[in-house]
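Engineer: Handing you a structure now.
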Amino acid sequence: YYWSLMKKGRSVAQNIDAMFFADDAPLRDEFKYLYASLFKNPQNYIDIVSALAKKKTGLLRNEIAEETGIPNSGYLTKMLDELISCGFIRKHTVLGKKTKDALYQLTDFYTLFYYQFLQKKRDDHYWTIQTDTSVRNTWCGLAFERVCFEHVNEIKVGLGISGVLTEVHSWSAKPDKNSGVKGTQIDMVIVRNDRIINLCEIKYSISEYSFTGKDDESLRNKIAALKTVCKTRYSFHPVLVTTYG
């Protein structure tokens with residue numbers, strides 16, 4: 001159904017404007033129909049994804065309860081599990097943290113697009129106007145990061161480690177003067193059972209990505225921070241994941 005709305009002869013931007021931003025756009029109000037069609041009482045589910053939409057890295061379970069006012073009970077567990085099953089959110093652990101400290105992150109691409117662009121009324125030609133602006137490029141970067149998390153198996157094939165058992169995490173650290181750790185965040189950490197960690201930097205670009213001296217310094221600092229905080233003896237293999245190589 002969604003693909004049938006794409007019209008030949010239009011550019012991608014023109015199609016998106018016609019599908020989402022025009023006055024008679026068929027997908028302008030898709031958000032409320034989508035959740036209502038899947039969940040009997042959709043408002044609590046919408047409250048959860050609304051809270052997660054405000055936090056790129058995700059929220060802890062108790063933070064979701066605080067943000068939404070939903071009791072931290074089995075009822076919340078049920079809703080979170082159903083949102084995971086439907087592909088709206090994912091649950092992931094941060095490297096070095098316990099399972100109870102797992103984060104819930106909004107991953108559904110349409111829902112992310114809705115909260116970023118569709119929640120407010122926009123100009124009929126909004127997407128065409130936004131070409132190569134900072135707002136759109138920032139969204140593309142976040143969307144590409146989520147595309148990568150949806151295709152970890154393909155990344156493993158590209159690295160030649162498809163047969164190796166792995167765990168996939170995100171990781172971040174706050175500044176700590178005592179240990180010399182600078183505040184940092186790593187997009188994707190693939191921990192392998194052959195005692196190697198693939199530290200993946202995910203970079204969205206509209207052409208081939210040029211790796212600069214600044215990028216090299218940043219990557220070295222991230223590796224040093226991860227070694228210091230997690231006290232691991234694993235070897236590190238830095239990986240750059242980009243759109244066009």
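Every chain in the structure tokens takes a letter, A first, then B, and so on in the order presented; its residues are numbered from 1, and the ligands are numbered from 1 following the presented order.
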From segment 34-135 of chain A, collect each residue whose DSSP state is strand (DSSP E or B) and return the set as number ranges by chain.
Structural biologist: A: 59-60, 89-92, 94, 103-106
Engineer: May I have the residues within 7 Å of Thr166 of chain A as a list of chain:residue names, using only C-alpha atoms and disregarding those fewer than 4 positions away in the same chain?
Structural biologist: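 Skipping anything fewer than 4 positions along the chain leaves A:Ile190, A:Val191, A:Arg192, A:Asn193.
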Engineer: Go ahead and dump the residues you just picked, N, CA, C and O atoms, as a short mmCIF file (atom, residue, chain, number, x, y, z; two decimals), in the first residue's frame.
Structural biologist:
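Produced file again06.cif, reproduced below:
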data_model
loop_
_atom_site.label_atom_id
_atom_site.label_comp_id
_atom_site.auth_asym_id
_atom_site.auth_seq_id
_atom_site.Cartn_x
_atom_site.Cartn_y
_atom_site.Cartn_z
N ILE A 190 30.38 -4.01 18.89
CA ILE A 190 30.15 -5.44 18.66
C ILE A 190 31.19 -6.21 19.45
O ILE A 190 32.39 -6.18 19.14
N VAL A 191 30.74 -6.88 20.50
CA VAL A 191 31.63 -7.64 21.38
C VAL A 191 31.62 -9.10 20.91
O VAL A 191 30.58 -9.75 20.90
N ARG A 192 32.77 -9.60 20.51
CA ARG A 192 32.89 -10.93 19.92
C ARG A 192 33.44 -11.93 20.93
O ARG A 192 34.23 -11.57 21.80
N ASN A 193 33.02 -13.21 20.80
CA ASN A 193 33.50 -14.21 21.75
C ASN A 193 34.92 -14.67 21.44
O ASN A 193 35.48 -15.50 22.17
#
Engineer: Excluding Lys222 of chain A and its own-chain neighbours fewer than 4 positions away, which residues fall within 8 Å of it when counting only C-alpha atoms? Please give them as an MDAnalysis selection string.
Structural biologist: chainID A and resid 184:186 218 226
Engineer: Could you list, as number ranges by chain, every residue within 10 Å of segment 93-96 of chain A, counting only C-alpha atoms and ignoring same-chain residues fewer than 3 positions away?
Structural biologist: A: 99-104, 167-172, 188-191, 226, 229-232
Engineer: Between A:Leu38, A:Ile206, A:Val241, A:Ala22, which residue has the minimum interatomic distance to Asp123 of chain A, considering only C-alpha atoms?
Structural biologist: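 Under the stated criterion, the closest residue is A:Ala22.
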Engineer: Name the residues in contact with segment 162-164 of chain A at a cut-off of 10 Å, using only C-alpha atoms, excluding same-chain residues fewer than 4 positions from it; report them as a list in words.
Structural biologist: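 After dropping sequence-adjacent residues, the list is Val152, Asn153, Glu154, Ile155, Lys156, Val157, Gly158, Val191, Arg192, Asn193 and Asp194 of chain A.
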Engineer: With N, CA and C atoms retained, export the selected residues as an mmCIF file, in the first residue's frame.
Structural biologist:
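Final file, part-v7.cif:
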data_model
loop_
_atom_site.group_PDB
_atom_site.id
_atom_site.type_symbol
_atom_site.label_atom_id
_atom_site.label_comp_id
_atom_site.auth_asym_id
_atom_site.auth_seq_id
_atom_site.Cartn_x
_atom_site.Cartn_y
_atom_site.Cartn_z
ATOM 1 N N VAL A 152 22.590 -5.472 11.554
ATOM 2 C CA VAL A 152 23.833 -5.921 12.187
ATOM 3 C C VAL A 152 24.376 -7.165 11.497
ATOM 4 N N ASN A 153 23.492 -8.076 11.102
ATOM 5 C CA ASN A 153 23.951 -9.308 10.433
ATOM 6 C C ASN A 153 24.697 -8.998 9.146
ATOM 7 N N GLU A 154 24.201 -8.007 8.388
ATOM 8 C CA GLU A 154 24.884 -7.625 7.149
ATOM 9 C C GLU A 154 26.237 -6.969 7.435
ATOM 10 N N ILE A 155 26.303 -6.197 8.516
ATOM 11 C CA ILE A 155 27.580 -5.586 8.909
ATOM 12 C C ILE A 155 28.579 -6.673 9.287
ATOM 13 N N LYS A 156 28.101 -7.701 10.004
ATOM 14 C CA LYS A 156 28.981 -8.820 10.385
ATOM 15 C C LYS A 156 29.486 -9.560 9.145
ATOM 16 N N VAL A 157 28.622 -9.737 8.149
ATOM 17 C CA VAL A 157 29.052 -10.374 6.899
ATOM 18 C C VAL A 157 30.140 -9.529 6.237
ATOM 19 N N GLY A 158 29.922 -8.201 6.211
ATOM 20 C CA GLY A 158 30.907 -7.294 5.620
ATOM 21 C C GLY A 158 32.247 -7.344 6.329
ATOM 22 N N VAL A 191 30.735 -6.876 20.502
ATOM 23 C CA VAL A 191 31.626 -7.642 21.382
ATOM 24 C C VAL A 191 31.618 -9.097 20.907
ATOM 25 N N ARG A 192 32.774 -9.600 20.511
ATOM 26 C CA ARG A 192 32.885 -10.931 19.922
ATOM 27 C C ARG A 192 33.441 -11.934 20.933
ATOM 28 N N ASN A 193 33.024 -13.208 20.797
ATOM 29 C CA ASN A 193 33.505 -14.209 21.753
ATOM 30 C C ASN A 193 34.925 -14.674 21.443
ATOM 31 N N ASP A 194 35.532 -14.121 20.372
ATOM 32 C CA ASP A 194 36.954 -14.382 20.130
ATOM 33 C C ASP A 194 37.817 -13.274 20.745
#
Engineer: Have a look at atom CA of Leu59 of chain A and atom CA of Thr242 of chain A and let me know their distance in Å, one decimal.
Structural biologist: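 Result for atom CA of Leu59 of chain A versus atom CA of Thr242 of chain A: 26.5 Å, one decimal.
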Engineer: Got a sec to tell me which of segment 41-239 of chain A DSSP assigns to helix (DSSP H, G or I), as a PyMOL selection string?
Structural biologist: chain A and resi 42-53+61-68+74-85+99-101+109-118+126-129+134-150+152-159+213-230
Engineer: Sort by chain and increasing residue number a table of all residues of segment 99-188 of chain A within 9 Å of segment 11-14 of chain A, each with its closest pair of atoms and their distance in Å to one decimal, counting only C-alpha atoms, and write it as a tab-separated table.
Structural biologist:
residue	atom	partner	partner_atom	distance
A:His125	CA	A:Gln14	CA	7.6
A:Trp127	CA	A:Ala13	CA	5.9
A:Thr128	CA	A:Ala13	CA	5.2
A:Ile129	CA	A:Ala13	CA	8.9
A:Thr131	CA	A:Ala13	CA	8.2
Engineer: Between atom CA of Gln105 of chain A and atom CA of Cys148 of chain A, what is the distance in Å, rounded to a tenth?
Structural biologist: 14.3 Å
Engineer: If we count only C-alpha atoms and set the cut-off at 7 Å, which residues sit around segment 71-88 of chain A, ignoring sequence neighbours fewer than 5 positions away in its own chain? Please answer as a count of residues only.
Structural biologist: 6
Engineer: Could you check the closest approach to Asp187 of chain A for each of A:Lys227, A:Arg61, A:Lys91, A:Lys203 and tell me which residue wins, using only C-alpha atoms?
Structural biologist: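 Among the listed residues, A:Lys203 lies closest to Asp187 of chain A.
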Engineer: Using only C-alpha atoms, determine which residues lie at most 10 Å from Phe117 of chain A, disregarding the query and same-chain residues fewer than 5 positions distant; provide the list as a VMD selection string.
Structural biologist: chain A and resid 20 to 21 111 to 112 122 126 to 127 135 to 136 139
Engineer: Go ahead and write the residues just picked, C-alpha atoms, as a PDB file, in the first residue's frame.
Structural biologist:
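What follows is the written file out-v7.pdb:
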ATOM      1  CA  PHE A  20       3.096  13.453   3.956  1.00  0.00           C
ATOM      2  CA  PHE A  21       2.914  17.242   3.748  1.00  0.00           C
ATOM      3  CA  THR A 111       7.150   7.218  14.246  1.00  0.00           C
ATOM      4  CA  LEU A 112      10.525   8.969  14.401  1.00  0.00           C
ATOM      5  CA  ARG A 122       4.207  22.163   7.653  1.00  0.00           C
ATOM      6  CA  TYR A 126       8.355  21.289   3.225  1.00  0.00           C
ATOM      7  CA  TRP A 127      10.565  18.306   2.317  1.00  0.00           C
ATOM      8  CA  VAL A 135      17.656  19.799  10.326  1.00  0.00           C
ATOM      9  CA  ARG A 136      17.263  17.241   7.564  1.00  0.00           C
ATOM     10  CA  TRP A 139      17.630  13.439  10.961  1.00  0.00           C
TER      11      TRP A 139
END
Engineer: Of the residues A:Ile70, A:Ala143, A:Val181, A:Cys200, which is the one nearest to Gln43 of chain A, using only C-alpha atoms?
Structural biologist: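 Of A:Ile70, A:Ala143, A:Val181, A:Cys200, the one nearest Gln43 of chain A, counting only C-alpha atoms, is A:Ile70.
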